[in-house]
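*Asks:* Dropping in final.txt, which is compact mmCIF, C-alpha atoms:
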```txt
# COMPACT_ATOMS: atom_id res chain seq x y z
CA MET H 10 0.00 0.00 0.00
CA SER H 11 1.03 3.57 -0.39
CA ILE H 12 0.19 6.43 1.94
CA SER H 13 -0.10 9.96 0.61
CA PRO H 14 2.94 12.11 1.40
CA ARG H 15 3.26 14.41 4.36
CA ALA H 16 1.89 17.72 3.02
CA PHE H 17 4.62 19.97 4.36
CA ASP H 18 2.85 23.04 2.94
CA ASP H 19 -0.17 22.36 5.15
CA HIS H 20 1.83 21.95 8.36
CA PRO H 21 3.81 24.53 10.35
CA PRO H 22 7.50 24.92 9.54
CA PHE H 23 9.86 23.18 11.95
CA ARG H 24 11.38 26.57 12.82
CA PHE H 25 9.08 29.51 13.49
CA ALA H 26 11.01 32.31 15.17
CA ASP H 27 8.00 33.87 16.93
CA TYR H 28 7.63 30.58 18.82
CA LYS H 29 11.00 30.88 20.52
CA SER H 30 11.68 27.34 21.61
CA THR H 31 11.52 26.15 17.98
CA VAL H 32 14.75 28.01 17.24
CA LYS H 33 17.04 25.47 18.96
CA ARG H 34 14.75 22.46 18.70
CA SER H 35 14.26 22.28 14.94
CA PRO H 36 16.39 20.31 12.48
CA ASP H 37 18.84 22.11 10.18
CA PHE H 38 18.71 19.45 7.47
CA ALA H 39 15.61 18.60 5.48
CA PRO H 40 14.43 15.04 6.16
CA ILE H 41 15.73 12.43 3.74
CA ARG H 42 12.99 10.97 1.55
CA ILE H 43 12.78 7.19 1.65
CA ALA H 44 10.41 4.60 0.22
CA GLN H 45 7.54 3.41 2.39
CA THR H 46 8.42 -0.03 3.74
CA LEU H 47 6.65 -2.22 6.27
CA SER H 48 8.49 -0.22 8.93
CA GLU H 49 6.47 2.85 7.89
CA THR H 50 3.17 1.40 6.64
CA THR H 51 2.65 -0.65 9.81
CA GLY H 52 2.30 0.98 13.21
CA PRO H 53 0.98 0.50 16.72
CA GLY H 54 -2.52 1.89 16.10
CA PRO H 55 -4.50 -1.22 15.13
CA SER H 56 -3.23 -3.48 17.93
CA TRP H 57 -3.55 -0.88 20.69
CA SER H 58 -5.54 -2.30 23.58
CA ALA H 59 -8.83 -0.51 24.11
CA GLY H 60 -9.29 1.84 27.03
CA ALA H 61 -12.25 2.16 29.32
CA PRO H 62 -15.38 3.80 27.81
CA GLU H 63 -15.65 6.17 30.78
CA ASP H 64 -12.36 7.79 29.68
CA ALA H 65 -14.29 9.67 26.99
CA ASP H 66 -16.04 11.65 29.75
CA LEU H 67 -13.53 14.05 31.28
CA THR H 68 -16.21 15.66 33.46
CA THR H 69 -16.33 12.53 35.65
CA ASN H 70 -13.32 10.35 34.83
CA ALA H 71 -11.29 11.70 37.74
CA GLY H 72 -13.22 9.02 39.63
CA THR H 73 -13.92 11.18 42.67
CA GLY H 74 -17.69 10.94 42.34
CA GLY H 75 -17.76 14.68 41.73
CA GLU H 76 -18.08 16.64 38.50
CA ALA H 77 -15.53 18.93 36.92
CA ILE H 78 -16.31 22.64 37.07
CA GLY H 79 -16.67 24.49 33.78
CA GLN H 80 -18.82 24.75 30.69
CA ARG H 81 -19.78 21.20 29.71
CA SER H 82 -18.77 20.73 26.08
CA ILE H 83 -19.30 17.86 23.67
CA ILE H 84 -16.48 17.52 21.15
CA THR H 85 -17.37 15.20 18.30
CA GLY H 86 -16.41 14.61 14.70
CA ARG H 87 -14.89 12.13 12.30
CA VAL H 88 -11.36 10.95 11.62
CA LEU H 89 -10.85 10.72 7.86
CA ASP H 90 -8.08 10.07 5.40
CA GLU H 91 -7.38 12.45 2.54
CA GLY H 92 -9.84 10.62 0.31
CA GLY H 93 -12.63 11.29 2.80
CA ASN H 94 -12.66 7.65 3.92
CA PRO H 95 -13.38 7.14 7.62
CA VAL H 96 -10.55 5.86 9.83
CA PRO H 97 -12.36 3.34 12.05
CA ASN H 98 -11.36 2.01 15.45
CA THR H 99 -8.44 4.39 15.87
CA LEU H 100 -7.25 5.66 19.24
CA ILE H 101 -7.58 9.33 20.17
CA GLU H 102 -5.89 10.59 23.33
CA ILE H 103 -6.50 14.09 24.65
CA TRP H 104 -5.18 16.33 27.41
CA GLN H 105 -6.10 19.86 28.40
CA ALA H 106 -6.13 22.57 31.05
CA ASN H 107 -9.08 22.99 33.41
CA ALA H 108 -11.68 25.75 33.12
CA CYS H 109 -9.23 28.20 34.74
CA GLY H 110 -6.46 27.39 32.30
CA ARG H 111 -4.50 25.31 34.81
CA TYR H 112 -2.90 22.00 33.83
CA LEU H 113 -2.66 19.20 36.37
CA HIS H 114 1.10 18.75 35.91
CA TRP H 115 3.99 19.01 38.33
CA ARG H 116 5.87 21.34 35.97
CA GLU H 117 3.09 23.92 36.10
CA THR H 118 4.26 26.19 38.89
CA ALA H 119 4.09 29.70 37.45
CA PHE H 120 0.36 30.22 36.97
CA PRO H 121 -1.51 30.76 40.26
CA ALA H 122 -4.89 29.45 39.07
CA PRO H 123 -6.78 26.84 41.09
CA LEU H 124 -6.78 23.14 40.38
CA ASP H 125 -10.08 21.28 40.23
CA PRO H 126 -10.05 18.10 42.35
CA ASN H 127 -12.66 16.58 40.03
CA PHE H 128 -10.75 17.16 36.79
CA THR H 129 -7.59 15.47 35.58
CA GLY H 130 -7.78 16.82 32.02
CA VAL H 131 -6.96 13.55 30.26
CA GLY H 132 -9.14 11.23 28.23
CA GLN H 133 -9.22 8.78 25.40
CA CYS H 134 -11.63 7.09 23.04
CA ARG H 135 -11.67 5.12 19.81
CA THR H 136 -13.45 6.00 16.61
CA ASN H 137 -16.38 3.78 15.66
CA GLY H 138 -16.83 2.03 12.33
CA ALA H 139 -17.79 5.32 10.66
CA GLY H 140 -14.69 7.07 12.01
CA GLU H 141 -16.73 9.03 14.55
CA TYR H 142 -15.50 9.99 18.01
CA ARG H 143 -17.12 11.83 20.91
CA PHE H 144 -15.78 13.38 24.10
CA LEU H 145 -17.60 15.10 26.93
CA THR H 146 -15.37 17.59 28.71
CA ILE H 147 -15.30 21.13 30.00
CA LYS H 148 -14.05 24.02 27.91
CA PRO H 149 -10.46 24.75 28.93
CA GLY H 150 -9.43 28.27 29.87
CA PRO H 151 -6.72 30.28 28.10
CA TYR H 152 -3.34 29.78 29.64
CA PRO H 153 -0.31 32.06 30.12
CA TRP H 154 3.16 31.01 28.98
CA GLY H 155 6.61 32.54 28.87
CA ASN H 156 7.18 32.92 25.14
CA HIS H 157 6.90 36.72 25.17
CA PRO H 158 5.51 39.39 27.53
CA ASN H 159 1.88 38.81 28.49
CA ALA H 160 1.64 35.72 26.28
CA TRP H 161 -1.57 33.68 26.49
CA ARG H 162 -2.46 30.52 24.60
CA PRO H 163 -5.96 30.42 23.13
CA ALA H 164 -8.19 27.75 24.70
CA HIS H 165 -7.15 24.43 23.20
CA ILE H 166 -7.28 20.67 23.65
CA HIS H 167 -4.27 18.51 22.73
CA PHE H 168 -5.15 15.60 20.44
CA SER H 169 -2.92 12.59 19.74
CA LEU H 170 -3.83 10.07 17.03
CA MET H 171 -1.95 6.99 15.92
CA GLY H 172 -3.93 6.21 12.78
CA PRO H 173 -3.35 2.97 10.88
CA SER H 174 0.41 3.40 10.24
CA LEU H 175 3.50 4.84 11.90
CA ILE H 176 3.55 7.68 9.38
CA THR H 177 -0.12 8.59 9.90
CA ARG H 178 0.68 9.62 13.47
CA LEU H 179 -0.59 13.09 14.29
CA VAL H 180 -0.29 15.23 17.41
CA THR H 181 -2.15 18.51 17.16
CA GLN H 182 -4.35 20.95 19.05
CA MET H 183 -8.05 21.74 18.64
CA TYR H 184 -9.19 25.31 19.16
CA PHE H 185 -12.60 26.86 19.87
CA PRO H 186 -14.26 29.22 17.38
CA ASP H 187 -13.75 33.00 17.40
CA ASP H 188 -11.02 33.10 20.02
CA PRO H 189 -9.58 36.65 20.21
CA LEU H 190 -6.17 35.17 21.10
CA PHE H 191 -5.68 33.49 17.69
CA ALA H 192 -4.00 36.55 16.20
CA LEU H 193 -1.59 36.80 19.14
CA ASP H 194 -0.59 33.13 19.41
CA PRO H 195 2.57 32.10 17.55
CA ILE H 196 1.76 28.39 17.83
CA PHE H 197 -1.57 28.88 16.04
CA GLN H 198 -0.02 31.42 13.65
CA SER H 199 2.76 28.97 12.75
CA VAL H 200 0.20 27.07 10.64
CA PRO H 201 0.04 28.29 7.04
CA SER H 202 -2.91 30.69 6.80
CA HIS H 203 -4.84 28.55 4.31
CA ALA H 204 -4.89 25.63 6.75
CA ARG H 205 -5.50 27.34 10.12
CA HIS H 206 -9.27 26.88 10.01
CA ARG H 207 -8.69 23.10 10.04
CA LEU H 208 -7.65 23.37 13.70
CA VAL H 209 -10.79 25.25 14.79
CA ALA H 210 -13.91 23.36 15.86
CA SER H 211 -17.31 24.63 14.73
CA TYR H 212 -20.12 25.35 17.13
CA ASP H 213 -22.90 22.89 16.18
CA HIS H 214 -26.32 23.46 17.71
CA ALA H 215 -27.41 20.00 16.55
CA VAL H 216 -24.74 18.56 18.87
CA THR H 217 -25.69 20.84 21.77
CA GLU H 218 -27.87 19.04 24.31
CA GLU H 219 -30.73 20.94 25.92
CA ASN H 220 -30.16 21.92 29.52
CA TRP H 221 -26.85 20.02 29.51
CA ALA H 222 -23.88 20.82 27.25
CA LEU H 223 -22.70 22.90 24.28
CA GLY H 224 -21.73 21.02 21.12
CA TYR H 225 -18.69 21.40 18.90
CA ARG H 226 -17.79 19.51 15.76
CA TRP H 227 -14.22 18.90 14.59
CA ASP H 228 -13.10 16.53 11.85
CA ILE H 229 -9.49 15.35 11.70
CA VAL H 230 -7.78 14.39 8.45
CA LEU H 231 -4.79 12.03 8.54
CA ARG H 232 -2.40 11.08 5.78
CA GLY H 233 -3.87 8.26 3.76
CA ALA H 234 -5.44 7.31 0.48
CA ARG H 235 -6.25 10.31 -1.69
CA ALA H 236 -8.88 8.57 -3.82
CA THR H 237 -10.58 5.23 -3.18
CA PRO H 238 -8.67 3.00 -0.79
CA ALA H 239 -6.03 0.91 -2.53
CA SER H 240 -6.24 -2.83 -2.11
CA SER H 241 -4.21 -3.84 0.90
CA GLY H 242 -1.53 -6.48 1.09
CA ALA H 243 1.15 -5.34 -1.31
CA ASP H 244 3.72 -3.11 0.31
CA HIS H 245 5.35 -1.75 -2.81
CA GLU H 246 5.08 1.97 -3.49
CA MET M 7 -12.91 14.66 -0.67
CA SER M 8 -11.63 16.05 2.57
CA ASP M 9 -10.17 19.46 3.27
CA GLY M 10 -6.56 18.24 3.42
CA GLN M 11 -4.31 17.10 6.23
CA THR M 12 -5.00 18.48 9.69
CA PRO M 13 -1.92 20.53 10.58
CA SER M 14 0.47 19.32 13.25
CA GLN M 15 0.98 21.24 16.50
CA THR M 16 3.52 20.84 19.27
CA VAL M 17 3.01 18.14 21.89
CA GLY M 18 3.80 20.87 24.44
CA PRO M 19 5.27 20.54 27.94
CA TYR M 20 2.42 18.57 29.55
CA PHE M 21 2.03 15.47 27.35
CA THR M 22 3.07 13.17 30.21
CA MET M 23 -0.39 13.78 31.65
CA ARG M 24 -1.58 11.28 29.09
CA LEU M 25 1.05 9.90 26.73
CA ALA M 26 3.95 8.40 28.67
CA GLY M 27 2.96 6.61 31.84
CA GLU M 28 5.13 4.51 34.14
CA GLY M 29 6.49 1.47 32.33
CA SER M 30 5.48 2.57 28.85
CA ASN M 31 9.14 2.27 27.77
CA VAL M 32 9.15 -1.48 28.43
CA VAL M 33 8.45 -2.87 24.97
CA ALA M 34 9.17 -6.55 25.56
CA THR M 35 7.32 -8.52 28.20
CA PRO M 36 9.30 -11.31 29.95
CA GLU M 37 7.54 -13.82 27.68
CA ALA M 38 8.62 -12.16 24.41
CA ASP M 39 10.98 -14.12 22.17
CA GLY M 40 14.40 -12.74 21.32
CA GLN M 41 17.53 -11.17 22.75
CA ARG M 42 16.81 -8.60 25.47
CA ILE M 43 18.45 -5.24 24.79
CA ARG M 44 18.28 -1.70 26.05
CA ILE M 45 18.32 1.30 23.73
CA GLU M 46 19.21 4.54 25.48
CA GLY M 47 20.40 8.03 24.74
CA ILE M 48 19.99 11.73 25.26
CA VAL M 49 18.03 14.14 23.10
CA TYR M 50 20.03 17.34 22.44
CA ASP M 51 19.05 20.74 21.11
CA GLY M 52 21.06 23.03 18.84
CA ASP M 53 23.24 24.21 21.76
CA ARG M 54 23.81 20.56 22.76
CA LYS M 55 21.75 21.09 25.86
CA PRO M 56 19.62 18.09 26.81
CA ILE M 57 15.98 18.40 25.85
CA GLU M 58 14.50 17.51 29.21
CA ASP M 59 10.89 17.39 28.05
CA ALA M 60 11.10 15.39 24.83
CA PHE M 61 8.76 12.55 23.92
CA VAL M 62 10.24 9.53 22.15
CA GLU M 63 8.13 6.74 20.67
CA LEU M 64 9.53 3.44 19.40
CA TRP M 65 8.09 1.04 16.82
CA GLN M 66 9.80 -2.14 15.70
CA ALA M 67 9.43 -5.67 14.39
CA ASN M 68 9.76 -8.63 16.75
CA ALA M 69 12.79 -10.90 16.93
CA ALA M 70 11.62 -12.78 13.84
CA GLY M 71 11.15 -9.57 11.84
CA HIS M 72 7.36 -9.48 12.11
CA TYR M 73 5.35 -6.32 12.77
CA ALA M 74 2.30 -6.65 15.04
CA HIS M 75 0.05 -5.13 12.37
CA PRO M 76 -2.54 -6.51 9.92
CA LEU M 77 -0.47 -5.39 6.91
CA ASP M 78 2.33 -7.79 7.85
CA THR M 79 0.83 -11.02 6.50
CA ARG M 80 4.08 -12.93 5.88
CA ASP M 81 4.10 -16.59 6.88
CA ASP M 82 7.88 -16.77 7.25
CA ALA M 83 7.98 -14.29 10.16
CA PRO M 84 5.70 -15.39 13.01
CA HIS M 85 3.67 -13.10 15.23
CA ASP M 86 4.60 -13.00 18.92
CA ASP M 87 1.62 -12.37 21.22
CA ALA M 88 4.00 -11.24 23.96
CA PHE M 89 5.51 -8.43 21.88
CA SER M 90 3.63 -5.28 20.80
CA GLY M 91 6.63 -3.54 19.24
CA PHE M 92 5.57 -0.15 20.62
CA GLY M 93 6.94 1.94 23.45
CA ARG M 94 6.90 5.49 24.73
CA CYS M 95 9.38 7.40 26.86
CA ALA M 96 9.48 10.94 28.20
CA THR M 97 13.06 12.15 28.56
CA ASP M 98 14.37 12.67 32.08
CA PHE M 99 13.67 16.13 33.46
CA GLN M 100 17.30 16.53 34.60
CA THR M 101 19.33 14.71 31.97
CA GLY M 102 17.24 14.54 28.79
CA ALA M 103 17.82 10.77 28.74
CA TYR M 104 15.41 8.18 27.38
CA SER M 105 15.59 4.40 27.36
CA PHE M 106 13.65 1.40 26.06
CA LEU M 107 13.80 -2.21 27.18
CA THR M 108 13.06 -4.33 24.15
CA VAL M 109 14.38 -7.18 22.01
CA LYS M 110 16.68 -7.02 19.02
CA PRO M 111 14.42 -6.86 15.94
CA GLY M 112 14.73 -9.28 13.05
CA PRO M 113 15.22 -8.27 9.42
CA VAL M 114 12.25 -6.95 7.44
CA PRO M 115 11.86 -6.75 3.65
CA HIS M 116 12.30 -3.64 1.55
CA PRO M 117 9.99 -3.14 -1.46
CA ASP M 118 13.06 -3.24 -3.75
CA GLY M 119 13.42 -6.95 -2.91
CA SER M 120 16.32 -6.62 -0.49
CA TRP M 121 16.33 -7.24 3.26
CA GLN M 122 16.57 -4.26 5.56
CA ALA M 123 19.12 -4.43 8.35
CA PRO M 124 17.61 -4.79 11.83
CA HIS M 125 16.38 -1.40 12.97
CA VAL M 126 13.80 0.31 15.13
CA SER M 127 11.89 3.46 14.20
CA LEU M 128 11.71 6.44 16.55
CA ILE M 129 9.38 9.44 16.55
CA ILE M 130 10.67 12.48 18.44
CA GLN M 131 8.44 15.31 19.62
CA ALA M 132 8.75 18.04 22.26
CA ARG M 133 7.76 21.51 23.29
CA GLY M 134 9.26 23.69 20.58
CA MET M 135 8.76 21.05 17.90
CA LEU M 136 5.82 21.93 15.68
CA ASN M 137 6.15 18.67 13.75
CA ALA M 138 7.29 15.18 14.68
CA SER M 139 10.71 13.97 13.48
CA TYR M 140 11.24 10.34 12.41
CA THR M 141 14.51 8.48 12.59
CA ARG M 142 15.80 4.88 12.67
CA VAL M 143 18.18 3.12 15.05
CA TYR M 144 20.56 0.60 13.45
CA PHE M 145 22.99 -1.57 15.42
CA SER M 146 26.78 -1.28 15.37
CA ASP M 147 27.29 -5.05 15.66
CA ARG M 148 25.42 -5.60 12.40
CA ASP M 149 27.79 -3.79 10.04
CA ASP M 150 27.36 -6.63 7.56
CA ALA M 151 23.62 -6.07 7.26
CA ASN M 152 23.96 -2.31 7.55
CA ALA M 153 26.24 -2.27 4.52
CA ASP M 154 23.47 -3.78 2.38
CA ASP M 155 20.60 -1.66 3.71
CA THR M 156 18.72 0.35 1.07
CA VAL M 157 17.66 3.09 3.47
CA LEU M 158 21.16 3.61 4.88
CA ALA M 159 22.50 3.68 1.33
CA ALA M 160 20.32 6.76 0.68
CA VAL M 161 22.10 8.64 3.47
CA PRO M 162 25.33 10.55 2.74
CA ASP M 163 28.39 8.67 4.07
CA ASP M 164 29.35 11.34 6.58
CA ARG M 165 25.87 11.40 8.16
CA ARG M 166 25.29 7.63 8.29
CA PRO M 167 27.02 7.16 11.68
CA THR M 168 24.27 9.24 13.33
CA LEU M 169 21.91 6.30 12.67
CA VAL M 170 24.05 3.52 14.17
CA ALA M 171 23.77 2.79 17.89
CA ALA M 172 26.99 1.65 19.58
CA LEU M 173 27.13 -1.24 22.04
CA VAL M 174 28.12 0.26 25.42
CA GLU M 175 28.51 -0.88 29.01
CA GLY M 176 25.10 -1.50 30.49
CA ASP M 177 23.58 -3.07 33.57
CA GLY M 178 22.58 -6.64 32.81
CA VAL M 179 21.39 -6.46 29.21
CA PRO M 180 23.31 -5.44 26.08
CA THR M 181 22.86 -1.69 25.83
CA TYR M 182 22.96 0.38 22.67
CA ARG M 183 23.63 4.10 22.86
CA PHE M 184 21.67 6.30 20.45
CA ASP M 185 21.80 10.05 21.07
CA ILE M 186 19.47 12.26 19.07
CA ARG M 187 20.87 15.62 18.06
CA PHE M 188 19.05 18.55 16.51
CA GLN M 189 21.10 20.97 14.39
CA GLY M 190 24.78 21.08 13.52
CA ALA M 191 26.93 19.03 11.17
CA ASP M 192 26.36 15.92 13.30
CA GLU M 193 22.58 16.32 13.39
CA THR M 194 20.77 12.98 13.53
CA VAL M 195 19.38 12.00 10.14
CA PHE M 196 15.60 12.31 10.02
CA PHE M 197 13.44 10.64 7.40
CA ASP M 198 10.29 11.40 5.46
CA ALA M 199 8.51 8.39 4.00
```
Starting from the file, lay out its structure as structure tokens.

*Replies:*
Amino acid sequence: MSISPRAFDDHPPFRFADYKSTVKRSPDFAPIRIAQTLSETTGPGPSWSAGAPEDADLTTNAGTGGEAIGQRSIITGRVLDEGGNPVPNTLIEIWQANACGRYLHWRETAFPAPLDPNFTGVGQCRTNGAGEYRFLTIKPGPYPWGNHPNAWRPAHIHFSLMGPSLITRLVTQMYFPDDPLFALDPIFQSVPSHARHRLVASYDHAVTEENWALGYRWDIVLRGARATPASSGADHE
Amino acid sequence: MSDGQTPSQTVGPYFTMRLAGEGSNVVATPEADGQRIRIEGIVYDGDRKPIEDAFVELWQANAAGHYAHPLDTRDDAPHDDAFSGFGRCATDFQTGAYSFLTVKPGPVPHPDGSWQAPHVSLIIQARGMLNASYTRVYFSDRDDANADDTVLAAVPDDRRPTLVAALVEGDGVPTYRFDIRFQGADETVFFDA
């Protein structure tokens, strides 16, 4: 099988000077192009052991019996390849700050915002046969960081996907619509302008549940077949 | 048709909340077939300072050269239920060091008809990395196989040593040292497949 190439023009550059820590952490050399072999077309995604269903509900998965504080938000959508084919049964892992913008992490020491004992900020789920996923969480707050004076990250949720192959792996961030911090955030601005909207969820009133939670829709597109899926089995290019 | 690939973003400083729990760098269970080895190293930035919040993922074939994946349908390389082939490691907050406990992988075929030398694939991400970087670890005690490897042959001679892990003193199991360097003439070779 052959997987469509990494679309470097749709991704951020490795080095983006406004995001300061990229300057010393980016490669000098361009990556060397190689053929796709079994080492690249296979990957850990399909054999990953399934997690617990309750891990898709971050409002209660802290296991304290209490509920996380914040605006309940349903995040749902499909995982697709570039041909629009669903990516079924694939693992999605997420992590995020709480409603105050505070991460539950020992390295977070600078931001004096409260922790929420009923919120760990981590979750996971698998896509169903139609490539659909669904999380219930709370909307994270914006979060200050040290990149430049008075720097604040827009509200975001970290998403990690394995996909079917090693080279379909994607780690990215989902943003909420109409955030005034977009224009000021070098991590968001590092994405080529034509592709930035792909990281922003849409408010979807059909997903919103009456008297319960707001609904957002966000589809994720991984590397993969561009047209109809190729027949599997052969591993030549 | 879809809208095109969803852009990558940095894994950030807090990925260990979810992605690299205790023991996730142990790739081979005690029941797995093959020679136990450790792969270890330090991830360095452009100033050769350790990257103390990097995230390294490993993917490899089992000792017989089989990948635990539905696309690997070969009969001559058996599946091993005790070996997933996947591991994760967050680098040490003080030293920037990572390590994996695994088994030496077997050879896997290349689409050009040759056999690839034993290798493992690594994905490196961190705060300050907007995209993942992919590399491969080859083994210094397999110079014979390395000399015939199609992927290594695509790498300029002077950069090829960055892909070969050296056997070093270790505690108990054979230990291979594989540092990962960003920037400079001795930058680790990264691949795009």

*Asks:* Using all atoms listed in the file, I'd like every residue of chain M that has an atom within 8 Å of chain H; please write them out as number ranges by chain.

*Replies:* M: 7-17, 20-21, 23-25, 51-53, 65-67, 73-79, 90-92, 114-118, 127, 133-137, 157, 160-161, 188-190, 193, 195-199

*Asks:* Got time to write the residues from that selection, C-alpha atoms, as a JSON list (two decimals), in the frame of the given file?

*Replies:*
```json
[["chain", "number", "residue", "atom", "x", "y", "z"],
["M", 7, "MET", "CA", -12.91, 14.66, -0.67],
["M", 8, "SER", "CA", -11.63, 16.05, 2.57],
["M", 9, "ASP", "CA", -10.17, 19.46, 3.27],
["M", 10, "GLY", "CA", -6.56, 18.24, 3.42],
["M", 11, "GLN", "CA", -4.31, 17.10, 6.23],
["M", 12, "THR", "CA", -5.00, 18.48, 9.69],
["M", 13, "PRO", "CA", -1.92, 20.53, 10.58],
["M", 14, "SER", "CA", 0.47, 19.32, 13.25],
["M", 15, "GLN", "CA", 0.98, 21.24, 16.50],
["M", 16, "THR", "CA", 3.52, 20.84, 19.27],
["M", 17, "VAL", "CA", 3.01, 18.14, 21.89],
["M", 20, "TYR", "CA", 2.42, 18.57, 29.55],
["M", 21, "PHE", "CA", 2.03, 15.47, 27.35],
["M", 23, "MET", "CA", -0.39, 13.78, 31.65],
["M", 24, "ARG", "CA", -1.58, 11.28, 29.09],
["M", 25, "LEU", "CA", 1.05, 9.90, 26.73],
["M", 51, "ASP", "CA", 19.05, 20.74, 21.11],
["M", 52, "GLY", "CA", 21.06, 23.03, 18.84],
["M", 53, "ASP", "CA", 23.24, 24.21, 21.76],
["M", 65, "TRP", "CA", 8.09, 1.04, 16.82],
["M", 66, "GLN", "CA", 9.80, -2.14, 15.70],
["M", 67, "ALA", "CA", 9.43, -5.67, 14.39],
["M", 73, "TYR", "CA", 5.35, -6.32, 12.77],
["M", 74, "ALA", "CA", 2.30, -6.65, 15.04],
["M", 75, "HIS", "CA", 0.05, -5.13, 12.37],
["M", 76, "PRO", "CA", -2.54, -6.51, 9.92],
["M", 77, "LEU", "CA", -0.47, -5.39, 6.91],
["M", 78, "ASP", "CA", 2.33, -7.79, 7.85],
["M", 79, "THR", "CA", 0.83, -11.02, 6.50],
["M", 90, "SER", "CA", 3.63, -5.28, 20.80],
["M", 91, "GLY", "CA", 6.63, -3.54, 19.24],
["M", 92, "PHE", "CA", 5.57, -0.15, 20.62],
["M", 114, "VAL", "CA", 12.25, -6.95, 7.44],
["M", 115, "PRO", "CA", 11.86, -6.75, 3.65],
["M", 116, "HIS", "CA", 12.30, -3.64, 1.55],
["M", 117, "PRO", "CA", 9.99, -3.14, -1.46],
["M", 118, "ASP", "CA", 13.06, -3.24, -3.75],
["M", 127, "SER", "CA", 11.89, 3.46, 14.20],
["M", 133, "ARG", "CA", 7.76, 21.51, 23.29],
["M", 134, "GLY", "CA", 9.26, 23.69, 20.58],
["M", 135, "MET", "CA", 8.76, 21.05, 17.90],
["M", 136, "LEU", "CA", 5.82, 21.93, 15.68],
["M", 137, "ASN", "CA", 6.15, 18.67, 13.75],
["M", 157, "VAL", "CA", 17.66, 3.09, 3.47],
["M", 160, "ALA", "CA", 20.32, 6.76, 0.68],
["M", 161, "VAL", "CA", 22.10, 8.64, 3.47],
["M", 188, "PHE", "CA", 19.05, 18.55, 16.51],
["M", 189, "GLN", "CA", 21.10, 20.97, 14.39],
["M", 190, "GLY", "CA", 24.78, 21.08, 13.52],
["M", 193, "GLU", "CA", 22.58, 16.32, 13.39],
["M", 195, "VAL", "CA", 19.38, 12.00, 10.14],
["M", 196, "PHE", "CA", 15.60, 12.31, 10.02],
["M", 197, "PHE", "CA", 13.44, 10.64, 7.40],
["M", 198, "ASP", "CA", 10.29, 11.40, 5.46],
["M", 199, "ALA", "CA", 8.51, 8.39, 4.00]]
```

*Asks:* How far is it from atom CA of M:Leu173 to atom CA of M:Arg142, in Å with one decimal?

*Replies:*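 For atom CA of M:Leu173 relative to atom CA of M:Arg142, the distance reads 15.9 Å.
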
*Asks:* Grab the atom CA of M:Ile130 to atom CA of M:Gly18 distance for me, in Å with one decimal place.

*Replies:*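 Between atom CA of M:Ile130 and atom CA of M:Gly18 the gap works out to 12.4 Å.
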
*Asks:* Here is a test: counting only C-alpha atoms, which residue of M:Leu169, M:Ala34, M:Ile186, M:Ala159 is nearest to M:Thr97?

*Replies:*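 Of M:Leu169, M:Ala34, M:Ile186, M:Ala159, the one nearest M:Thr97 is M:Ile186, counting only C-alpha atoms.
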